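**Q** Mind looking over this structure? Questions follow.
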Amino acid sequence: MRTSLAVFTRDLRVLDNPALAAAASSPAAVPAFVIDDDIIRRFSAHANRLAFLTESLADLDESLRLRGGSLVIRRGRWPAAVLALARDAGATAIHVADDYSGYAQRRLADLAARAAADRIEVVRHPGITLAEPGNPAPAGGRAYQVFGPYYRRWQQLPVRPMAVTPDRIRLPAGLDPGRLPALAELTTACPAPARAHGGERMANARLRAFEAGGLAGYAADRDLLAAGHVSGLSPYFHLGCLSPRAVAAQLAGRPGSEEFLRQLAWRDFFHQMLAAWPGAAQRDFRSRGDQWRDDRDALQAWQAGLTGYPVVDAAMRQLAAEGYMPGRARMIVASFLTKDLYLDWRSGAAHFMRGLTDGDVACNQLNWQWVAGTGTDTNPNRIFNPIRQSERFDADGEYLRKYLPELAALPADRIHDPPAASRRACGYPAPIVEHRTATAEYRTAMSGHRARRAR
Ligand SMILES: Cc1cc2nc3c(=O)[nH]c(=O)nc-3n(C[C@H](O)[C@H](O)[C@H](O)COP(=O)(O)OP(=O)(O)OC[C@H]3O[C@@H](n4cnc5c(N)ncnc54)[C@H](O)[C@@H]3O)c2cc1C
């Protein structure tokens, strides 16, 4: 009986999953997840994402069982372990979602090379992004470097048909299903107490809640820091518990959906950049010759939420408590690290990747570069004033009070930048740098780099 393997990676869903749909159209199909030891070793401290992964796998297994199958689990060096499973199952084809980091591309190429020797076909499918990298592509270029023109083309792209959700999975007889991993097998670190929980069902519940509650006001309110104005769907998009294609179809035409879908276009934009320039995950996309300061105390104060800037500290403490931060807060803290403190964006990005449940190489590293000014936005004057941002996007201080209980009793006109006496009384630190002085120094450093480059 012809058998196909569907190898899930970060497309952990049954709805609109092209790789699963293709495998399930064979007489027998093996839906599988292979725990990649290289990834686990690299990310063993990233407890939020690993916890989210184990929950998403358990949910997927349940959905497959409802369809007569189950999720087959293996562990090892990914390409070798996938191929070994394909051989055990007698599969003639391996269906898998295409993915775009340098590591993902190498691992897929390695699998294809090994499988070819066994005459097993490896078929890559879309599904992780809405628009696949390379389509749209700029005339004569590898990928778009500016969002505006990318977005204009993105809006006009024909959408692929939704993949059929299989109603029945026929596993070949006698295959060892393996065992879902327990979190303790992947990490000894503790996940954040109030993090999001994984799984396609959880994702759909959250999507429905956002559709009913936040979507209509999204365009006007998405920068407000207090909870309830954004979707919180990013970890579900990251691990593919949601199909961006299916979400776009579900929300299209609803008030607020245009702005929401524009954010999914940003996600696609960064994925097409990473696919074209995988080195941008670590190297400056456009180097300005920065000589970042090396200041461990400042970095630690930023990480711990003890900078003395309430909005920065609230956001960093939210990250520690929830593994999440809204987009506006991410921009504020990233600007503070790279401009006020003039510390290397890579140290901030690494801390985010450790803490975020949605930590995503394309979205994280390239957004960090965007804020730092080494990426697609090189405007050196884009500096966020943390006090003005706080007054503007958390006017009554609701967000600050939630994450900084020591400031909870302060009124709205004093909470954004408490006077020295209030700080002392509340046990809250003085600012570690003075914003105006620090950013003036930053601008001077920038003009020095520009002058050196011009010589
Ligand atoms: C410094 C920095 C680091 C970031 N790191 C990550 C990361 O690791 N993973 C991640 O998914 N996003 C990252 N973002 C992008 C964005 O902040 C988050 O996607 C968003 O805040 C997630 O919350 P949400 O789902 O409630 O967003 P919503 O406002 O509800 O947005 C809906 C979806 O659109 C996408 N999206 C929104 N804004 C962006 C953006 N600027 N770039 C790319 N996609 C976007 C996300 O998939 C998000 O779930 C980062 C942004 C900055 C400035």
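Order determines the names: the first chain of the structure tokens is A, the second B, and so forth; residues in each chain are numbered 1 upward, and ligands are numbered 1 upward as they are shown.
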May I have the residues within 12 Å of Leu180 (chain A) as a list in words, using only C-alpha atoms and disregarding those fewer than 3 positions away in the same chain?
**A** Ala32, Phe33, Val34, Ile35, Leu53, Thr54, Glu55, Ser56, Leu57, Ala58, Asp59, Leu60, Asp61, Glu62, Ser70, Leu71, Val72, Ile73, Arg74, Arg75, Pro177, Leu183, Ala184, Glu185 and Leu186 of chain A
**Q** Can you pull out the residues contacting Leu171 (chain A)? Cut-off 6 Å, using only C-alpha atoms, and skip same-chain residues under 6 positions away; I want them as a list in words.
**A** Ala28, Ala29, Val30 and Gly69 of chain A
**Q** Please identify the helix (DSSP H, G or I) residues within region 69-302 of chain A (assignment by DSSP from backbone atoms) and present them as a ChimeraX atom specification.
**A** /A:78-89,102-117,147-156,183-185,200-213,218-221,234-238,244-251,257-276,278-281,296-302
**Q** From the list A:Asp284, A:Asp358, A:Asp36, A:Glu322, which residue is nearest ligand 1 when using only C-alpha atoms and all ligand atoms?
**A** A:Asp358
**Q** For the atom pair CA of Leu5 (chain A) and CA of Ala116 (chain A), what is the interatomic distance in Å to one decimal place?
**A**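 Here the two named atoms are 14.8 Å from each other.
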**Q** Considering only C-alpha atoms, return as a list in words whatever protein or nucleic-acid residues lie within 10 Å of Ala24 (chain A), sequence-local ones (same chain, fewer than 3 positions apart) excluded.
**A** Thr3, Ser4, Leu5, Ala6, Pro18, Ala19, Leu20, Ala21, Pro27, Ala28, Ala29, Val30, Pro31, His95, Val164, Thr165, Pro166, Asp167, Arg168, Ile169, Arg170 and Leu171 of chain A
**Q** Could those selected residues go to a file with C-alpha atoms, as a PDB file, in the first residue's frame?
**A**
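Generated output (result_32.pdb):
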```pdb
ATOM      1  CA  THR A   3       2.399   5.256   2.192  1.00  0.00           C
ATOM      2  CA  SER A   4       3.330   8.911   2.688  1.00  0.00           C
ATOM      3  CA  LEU A   5       4.874  10.649   5.633  1.00  0.00           C
ATOM      4  CA  ALA A   6       3.635  14.071   6.790  1.00  0.00           C
ATOM      5  CA  PRO A  18      -0.985  21.416   2.836  1.00  0.00           C
ATOM      6  CA  ALA A  19       1.689  18.880   3.869  1.00  0.00           C
ATOM      7  CA  LEU A  20      -0.804  16.854   5.915  1.00  0.00           C
ATOM      8  CA  ALA A  21      -3.462  17.087   3.207  1.00  0.00           C
ATOM      9  CA  PRO A  27      -3.789   5.094   0.864  1.00  0.00           C
ATOM     10  CA  ALA A  28      -1.758   5.185   4.139  1.00  0.00           C
ATOM     11  CA  ALA A  29      -0.300   8.197   5.907  1.00  0.00           C
ATOM     12  CA  VAL A  30       2.060   8.669   8.828  1.00  0.00           C
ATOM     13  CA  PRO A  31       1.668  12.047  10.549  1.00  0.00           C
ATOM     14  CA  HIS A  95       5.601  15.853   2.818  1.00  0.00           C
ATOM     15  CA  VAL A 164      -8.421  19.973   2.590  1.00  0.00           C
ATOM     16  CA  THR A 165      -8.671  19.005   6.256  1.00  0.00           C
ATOM     17  CA  PRO A 166      -8.487  15.200   6.242  1.00  0.00           C
ATOM     18  CA  ASP A 167     -11.419  13.516   7.931  1.00  0.00           C
ATOM     19  CA  ARG A 168      -9.636  10.164   8.113  1.00  0.00           C
ATOM     20  CA  ILE A 169      -5.985   9.204   8.638  1.00  0.00           C
ATOM     21  CA  ARG A 170      -5.049   5.608   7.790  1.00  0.00           C
ATOM     22  CA  LEU A 171      -1.831   4.653   9.581  1.00  0.00           C
TER      23      LEU A 171
END
```
**Q** Which one of A:Met1, A:Ala115, A:Leu319, A:Leu85 sits closest to ligand 1 if you count only C-alpha atoms and all ligand atoms?
**A**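 Residue with the minimum atom-to-atom distance to ligand 1: A:Leu319.
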**Q** When you count only C-alpha atoms and all ligand atoms, which of these residues is closest to ligand 1: A:Gly289, A:Pro235, A:Pro431, A:Pro255?
**A**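 Answer, going by the shortest atom-to-atom distance: A:Pro235.
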**Q** Region 372-385 of chain A: which residues within 7 Å, counting only C-alpha atoms, same-chain residues fewer than 6 positions away excluded, as a list of chain:residue names?
**A**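 What passes the distance filter is A:Gln145, A:Val146, A:Asp284, A:Phe285, A:Arg286, A:Ser287, A:Arg288, A:Ile332, A:Ser335, A:Thr338, A:Lys339, A:Trp345, A:Leu366.
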**Q** Filtering to N, CA and C atoms, could you give me those residues as a tab-separated table (two decimals), in the first residue's frame?
**A**
```tsv
chain	number	residue	atom	x	y	z
A	145	GLN	N	13.39	44.85	0.42
A	145	GLN	CA	14.08	45.36	1.61
A	145	GLN	C	13.27	46.47	2.27
A	146	VAL	N	12.20	46.90	1.59
A	146	VAL	CA	11.37	47.98	2.12
A	146	VAL	C	9.93	47.47	2.16
A	284	ASP	N	24.56	42.38	11.21
A	284	ASP	CA	23.85	43.59	10.82
A	284	ASP	C	23.45	43.48	9.35
A	285	PHE	N	22.19	43.78	9.07
A	285	PHE	CA	21.78	43.75	7.66
A	285	PHE	C	22.48	44.89	6.91
A	286	ARG	N	22.51	46.06	7.54
A	286	ARG	CA	23.28	47.18	6.98
A	286	ARG	C	24.16	47.71	8.10
A	287	SER	N	25.41	47.34	8.06
A	287	SER	CA	26.26	47.73	9.17
A	287	SER	C	26.57	49.22	9.12
A	288	ARG	N	26.51	49.88	10.31
A	288	ARG	CA	26.89	51.30	10.37
A	288	ARG	C	28.22	51.44	11.08
A	332	ILE	N	9.51	49.88	22.40
A	332	ILE	CA	10.02	50.81	23.43
A	332	ILE	C	11.25	50.21	24.11
A	335	SER	N	14.24	49.99	21.69
A	335	SER	CA	14.83	51.30	21.46
A	335	SER	C	15.66	51.72	22.67
A	338	THR	N	18.99	49.77	22.65
A	338	THR	CA	19.96	50.05	21.58
A	338	THR	C	20.29	51.53	21.45
A	339	LYS	N	19.46	52.41	21.99
A	339	LYS	CA	19.72	53.85	21.82
A	339	LYS	C	20.08	54.49	23.16
A	345	TRP	N	22.15	45.11	19.73
A	345	TRP	CA	20.81	44.55	19.56
A	345	TRP	C	20.79	43.04	19.77
A	366	LEU	N	14.85	40.35	12.96
A	366	LEU	CA	14.73	41.46	12.00
A	366	LEU	C	13.96	42.64	12.56
```
**Q** Which one of A:Val122, A:Ala315, A:Ala321, A:Ala334 sits closest to ligand 1 if you count only C-alpha atoms and all ligand atoms?
**A** A:Ala334
**Q** Taking only residues of region 215-261 of chain A that have an atom at most 10 Å from an atom of region 130-141 of chain A, what is each one's shortest atom pair and its distance in Å to one decimal, using only C-alpha atoms, in chain and number order, as a tab-separated table?
**A**
```
residue	atom	partner	partner_atom	distance
A:Ser243	CA	A:Leu130	CA	8.1
A:Pro244	CA	A:Leu130	CA	5.5
A:Arg245	CA	A:Leu130	CA	5.3
A:Ala246	CA	A:Leu130	CA	9.0
A:Val247	CA	A:Leu130	CA	9.6
A:Ala248	CA	A:Leu130	CA	8.4
A:Leu261	CA	A:Leu130	CA	9.8
```
**Q** When you count only C-alpha atoms, which of these residues is closest to Glu441 (chain A): A:Thr9, A:His238, A:Pro79, A:Tyr342?
**A** A:Tyr342
**Q** Would you please work out which residue, of A:Ile128, A:Ala438, A:Leu83, A:Val433, is nearest to Asp99 (chain A) when using only C-alpha atoms?
**A**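 Nearest to Asp99 (chain A): A:Ile128.
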